[in-house]
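Trainee: Just run.cif, nothing more (mmCIF, C-alpha atoms):
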data_final
#
loop_
_atom_site.group_PDB
_atom_site.id
_atom_site.type_symbol
_atom_site.label_atom_id
_atom_site.label_comp_id
_atom_site.auth_asym_id
_atom_site.auth_seq_id
_atom_site.Cartn_x
_atom_site.Cartn_y
_atom_site.Cartn_z
ATOM 1 C CA GLN N 1 0.000 0.000 0.000
ATOM 2 C CA VAL N 2 0.956 3.610 -0.582
ATOM 3 C CA GLN N 3 -0.217 6.514 1.530
ATOM 4 C CA LEU N 4 -0.443 10.004 0.065
ATOM 5 C CA VAL N 5 -0.891 13.175 2.093
ATOM 6 C CA GLU N 6 -1.495 16.505 0.363
ATOM 7 C CA SER N 7 -0.872 19.949 1.772
ATOM 8 C CA GLY N 8 -0.608 23.512 0.592
ATOM 9 C CA GLY N 9 -4.128 24.317 -0.491
ATOM 10 C CA GLY N 10 -5.848 27.534 0.463
ATOM 11 C CA SER N 11 -7.610 30.630 -0.753
ATOM 12 C CA VAL N 12 -5.995 33.172 -3.046
ATOM 13 C CA GLN N 13 -7.054 35.956 -5.342
ATOM 14 C CA ALA N 14 -6.925 35.582 -9.085
ATOM 15 C CA GLY N 15 -3.390 35.982 -10.349
ATOM 16 C CA GLY N 16 -1.915 34.565 -7.170
ATOM 17 C CA SER N 17 0.164 31.457 -6.594
ATOM 18 C CA LEU N 18 0.060 28.339 -4.465
ATOM 19 C CA ARG N 19 2.297 25.314 -4.139
ATOM 20 C CA LEU N 20 0.790 21.952 -3.359
ATOM 21 C CA SER N 21 2.810 19.143 -1.836
ATOM 22 C CA CYS N 22 2.120 15.422 -1.680
ATOM 23 C CA ALA N 23 4.140 13.199 0.622
ATOM 24 C CA ALA N 24 4.200 9.524 -0.261
ATOM 25 C CA SER N 25 4.933 6.708 2.164
ATOM 26 C CA GLY N 26 4.623 2.943 2.252
ATOM 27 C CA TYR N 27 5.495 0.839 -0.775
ATOM 28 C CA THR N 28 6.886 3.771 -2.730
ATOM 29 C CA TYR N 29 9.003 1.433 -4.846
ATOM 30 C CA SER N 30 5.768 0.506 -6.608
ATOM 31 C CA ILE N 31 5.240 4.060 -7.834
ATOM 32 C CA PHE N 32 6.036 4.686 -11.482
ATOM 33 C CA CYS N 33 3.805 7.669 -11.996
ATOM 34 C CA MET N 34 2.483 10.473 -9.822
ATOM 35 C CA GLY N 35 0.028 13.171 -10.650
ATOM 36 C CA TRP N 36 -2.423 15.832 -9.637
ATOM 37 C CA PHE N 37 -6.110 15.687 -10.378
ATOM 38 C CA ARG N 38 -8.878 18.083 -9.475
ATOM 39 C CA GLN N 39 -12.621 18.059 -9.088
ATOM 40 C CA ALA N 40 -14.809 21.127 -8.996
ATOM 41 C CA PRO N 41 -18.359 21.019 -7.597
ATOM 42 C CA GLY N 42 -20.713 19.429 -10.084
ATOM 43 C CA LYS N 43 -17.912 18.419 -12.430
ATOM 44 C CA GLU N 44 -16.016 15.237 -13.110
ATOM 45 C CA ARG N 45 -12.520 14.701 -11.791
ATOM 46 C CA GLU N 46 -9.917 15.741 -14.349
ATOM 47 C CA GLY N 47 -6.205 15.232 -14.729
ATOM 48 C CA VAL N 48 -4.101 18.339 -14.182
ATOM 49 C CA ALA N 49 -0.511 17.138 -14.469
ATOM 50 C CA THR N 50 1.412 13.894 -14.209
ATOM 51 C CA ILE N 51 5.052 12.924 -14.025
ATOM 52 C CA SER N 52 6.923 9.706 -14.657
ATOM 53 C CA THR N 53 8.990 9.047 -11.579
ATOM 54 C CA ALA N 54 11.751 7.340 -13.546
ATOM 55 C CA SER N 55 12.103 9.506 -16.631
ATOM 56 C CA GLY N 56 10.718 12.771 -15.315
ATOM 57 C CA ASN N 57 8.480 13.091 -18.368
ATOM 58 C CA THR N 58 5.516 15.336 -17.673
ATOM 59 C CA TYR N 59 2.001 15.832 -18.954
ATOM 60 C CA TYR N 60 -0.174 18.902 -18.477
ATOM 61 C CA ALA N 61 -3.793 19.562 -19.215
ATOM 62 C CA ASP N 62 -4.203 22.312 -21.803
ATOM 63 C CA SER N 63 -6.000 24.458 -19.253
ATOM 64 C CA VAL N 64 -2.928 24.710 -17.013
ATOM 65 C CA LYS N 65 -0.033 24.655 -19.485
ATOM 66 C CA GLY N 66 2.338 27.528 -18.903
ATOM 67 C CA ARG N 67 0.884 28.251 -15.464
ATOM 68 C CA PHE N 68 1.387 25.052 -13.444
ATOM 69 C CA THR N 69 4.587 23.081 -12.943
ATOM 70 C CA ILE N 70 4.759 19.561 -11.585
ATOM 71 C CA SER N 71 7.965 18.364 -9.959
ATOM 72 C CA GLN N 72 9.227 15.668 -7.659
ATOM 73 C CA ASP N 73 11.836 15.194 -4.972
ATOM 74 C CA ASN N 74 12.620 11.500 -5.103
ATOM 75 C CA ALA N 75 14.796 11.657 -1.988
ATOM 76 C CA LYS N 76 11.818 12.925 -0.005
ATOM 77 C CA ASN N 77 9.177 10.918 -1.894
ATOM 78 C CA THR N 78 7.351 14.182 -2.376
ATOM 79 C CA LEU N 79 5.437 15.546 -5.329
ATOM 80 C CA TYR N 80 4.804 19.238 -5.910
ATOM 81 C CA LEU N 81 2.512 21.357 -8.002
ATOM 82 C CA GLN N 82 3.493 24.991 -8.393
ATOM 83 C CA MET N 83 0.432 26.924 -9.496
ATOM 84 C CA ASN N 84 0.896 30.448 -10.820
ATOM 85 C CA SER N 85 -1.477 32.938 -12.408
ATOM 86 C CA LEU N 86 -4.381 31.206 -10.750
ATOM 87 C CA LYS N 87 -7.857 31.744 -12.152
ATOM 88 C CA PRO N 88 -11.274 31.365 -10.530
ATOM 89 C CA GLU N 89 -11.860 28.331 -12.749
ATOM 90 C CA ASP N 90 -8.939 26.604 -11.002
ATOM 91 C CA THR N 91 -11.090 26.396 -7.874
ATOM 92 C CA ALA N 92 -11.441 22.723 -6.981
ATOM 93 C CA MET N 93 -10.413 19.965 -4.639
ATOM 94 C CA TYR N 94 -6.968 18.856 -5.726
ATOM 95 C CA TYR N 95 -5.949 15.239 -5.303
ATOM 96 C CA CYS N 96 -2.572 13.603 -5.448
ATOM 97 C CA ALA N 97 -2.450 10.190 -7.081
ATOM 98 C CA ALA N 98 0.267 7.632 -7.638
ATOM 99 C CA GLY N 99 0.974 4.114 -8.706
ATOM 100 C CA MET N 100 1.953 2.077 -11.675
ATOM 101 C CA THR N 101 -0.616 3.870 -13.815
ATOM 102 C CA CYS N 102 -0.834 7.115 -11.828
ATOM 103 C CA ASN N 103 -4.232 6.387 -10.324
ATOM 104 C CA ASN N 104 -3.816 3.364 -8.115
ATOM 105 C CA TYR N 105 -3.578 5.297 -4.875
ATOM 106 C CA TRP N 106 -5.216 8.580 -3.892
ATOM 107 C CA GLY N 107 -4.790 11.197 -1.231
ATOM 108 C CA GLN N 108 -7.624 12.834 0.657
ATOM 109 C CA GLY N 109 -7.403 16.059 -1.282
ATOM 110 C CA THR N 110 -6.661 19.688 -0.535
ATOM 111 C CA GLN N 111 -8.990 22.556 -1.381
ATOM 112 C CA VAL N 112 -7.895 25.387 -3.649
ATOM 113 C CA THR N 113 -10.179 28.410 -3.898
ATOM 114 C CA VAL N 114 -9.433 31.296 -6.251
ATOM 115 C CA SER N 115 -11.505 34.434 -5.922
ATOM 116 C CA SER N 116 -11.927 37.050 -8.629
#
Would you encode the structure as structure tokens?
Mentor:
Amino acid sequence: QVQLVESGGGSVQAGGSLRLSCAASGYTYSIFCMGWFRQAPGKEREGVATISTASGNTYYADSVKGRFTISQDNAKNTLYLQMNSLKPEDTAMYYCAAGMTCNNYWGQGTQVTVSS
């Protein structure tokens, strides 16, 4: 099993920045992919960004390209999401996920609220 704990959410004004963190523990050797997903009220969960833990290759949703940056600290088993130029439409619960296919294990989520 892998445990994921997110932190760093909060409330900011449009144009502001936040950095989310996700600490992984447990069978971290089984993690090949980590990512951030989000779910806004009344909407389906969507992928925001993912990273291959071995190669470092990244994927970003079109809606966040150029504004968000996903990164990892393998020594600390920690995933980050730097979010800049935040928009009200970025308001959602953000979840960290990990595993062989990036969605085997999930954190509890951290709320991000962006006001206009």
Trainee: Between CA of Gly8 (chain N) and CA of Arg67 (chain N), what is the distance in Å, rounded to a tenth?
Mentor: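 Separating CA of Gly8 (chain N) from CA of Arg67 (chain N) is a distance of 16.8 Å.
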Trainee: Please write as a PyMOL selection string the full residue list that the PyMOL selection byres ((chain N and resi 80) around 7) yields on this file.
Mentor: chain N and resi 19-22+70-72+78-79+81-82
Trainee: Go ahead and dump the residues you just picked, C-alpha atoms, as a compact mmCIF listing (two decimals), in the frame of the given file.
Mentor:
# COMPACT_ATOMS: atom_id res chain seq x y z
CA ARG N 19 2.30 25.31 -4.14
CA LEU N 20 0.79 21.95 -3.36
CA SER N 21 2.81 19.14 -1.84
CA CYS N 22 2.12 15.42 -1.68
CA ILE N 70 4.76 19.56 -11.58
CA SER N 71 7.96 18.36 -9.96
CA GLN N 72 9.23 15.67 -7.66
CA THR N 78 7.35 14.18 -2.38
CA LEU N 79 5.44 15.55 -5.33
CA LEU N 81 2.51 21.36 -8.00
CA GLN N 82 3.49 24.99 -8.39
Trainee: Can you turn the PyMOL selection byres ((chain N and resi 41) around 10) into a concrete residue list for this file, as a PyMOL selection string?
Mentor: chain N and resi 39-40+42-45+91-93
Trainee: Rounded to one decimal place, report the CA of Ala24 (chain N)-CA of Gln3 (chain N) distance in Å.
Mentor: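 Computing it gives 5.6 Å between the two atoms.
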Trainee: Using the chain letters and numbers from the file, give me the residues hit by the PyMOL selection byres ((chain N and resi 25) around 12), as a compact mmCIF listing (two decimals) with C-alpha atoms, keeping the file's coordinate frame.
Mentor:
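Final output, saved to expr36.txt:
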# COMPACT_ATOMS: atom_id res chain seq x y z
CA GLN N 1 0.00 0.00 0.00
CA VAL N 2 0.96 3.61 -0.58
CA GLN N 3 -0.22 6.51 1.53
CA LEU N 4 -0.44 10.00 0.06
CA VAL N 5 -0.89 13.18 2.09
CA GLU N 6 -1.50 16.50 0.36
CA CYS N 22 2.12 15.42 -1.68
CA ALA N 23 4.14 13.20 0.62
CA ALA N 24 4.20 9.52 -0.26
CA GLY N 26 4.62 2.94 2.25
CA TYR N 27 5.50 0.84 -0.78
CA THR N 28 6.89 3.77 -2.73
CA TYR N 29 9.00 1.43 -4.85
CA SER N 30 5.77 0.51 -6.61
CA ILE N 31 5.24 4.06 -7.83
CA ASN N 74 12.62 11.50 -5.10
CA ALA N 75 14.80 11.66 -1.99
CA LYS N 76 11.82 12.92 0.00
CA ASN N 77 9.18 10.92 -1.89
CA THR N 78 7.35 14.18 -2.38
CA LEU N 79 5.44 15.55 -5.33
CA ALA N 98 0.27 7.63 -7.64
CA GLY N 99 0.97 4.11 -8.71
CA TYR N 105 -3.58 5.30 -4.88
CA TRP N 106 -5.22 8.58 -3.89
CA GLY N 107 -4.79 11.20 -1.23
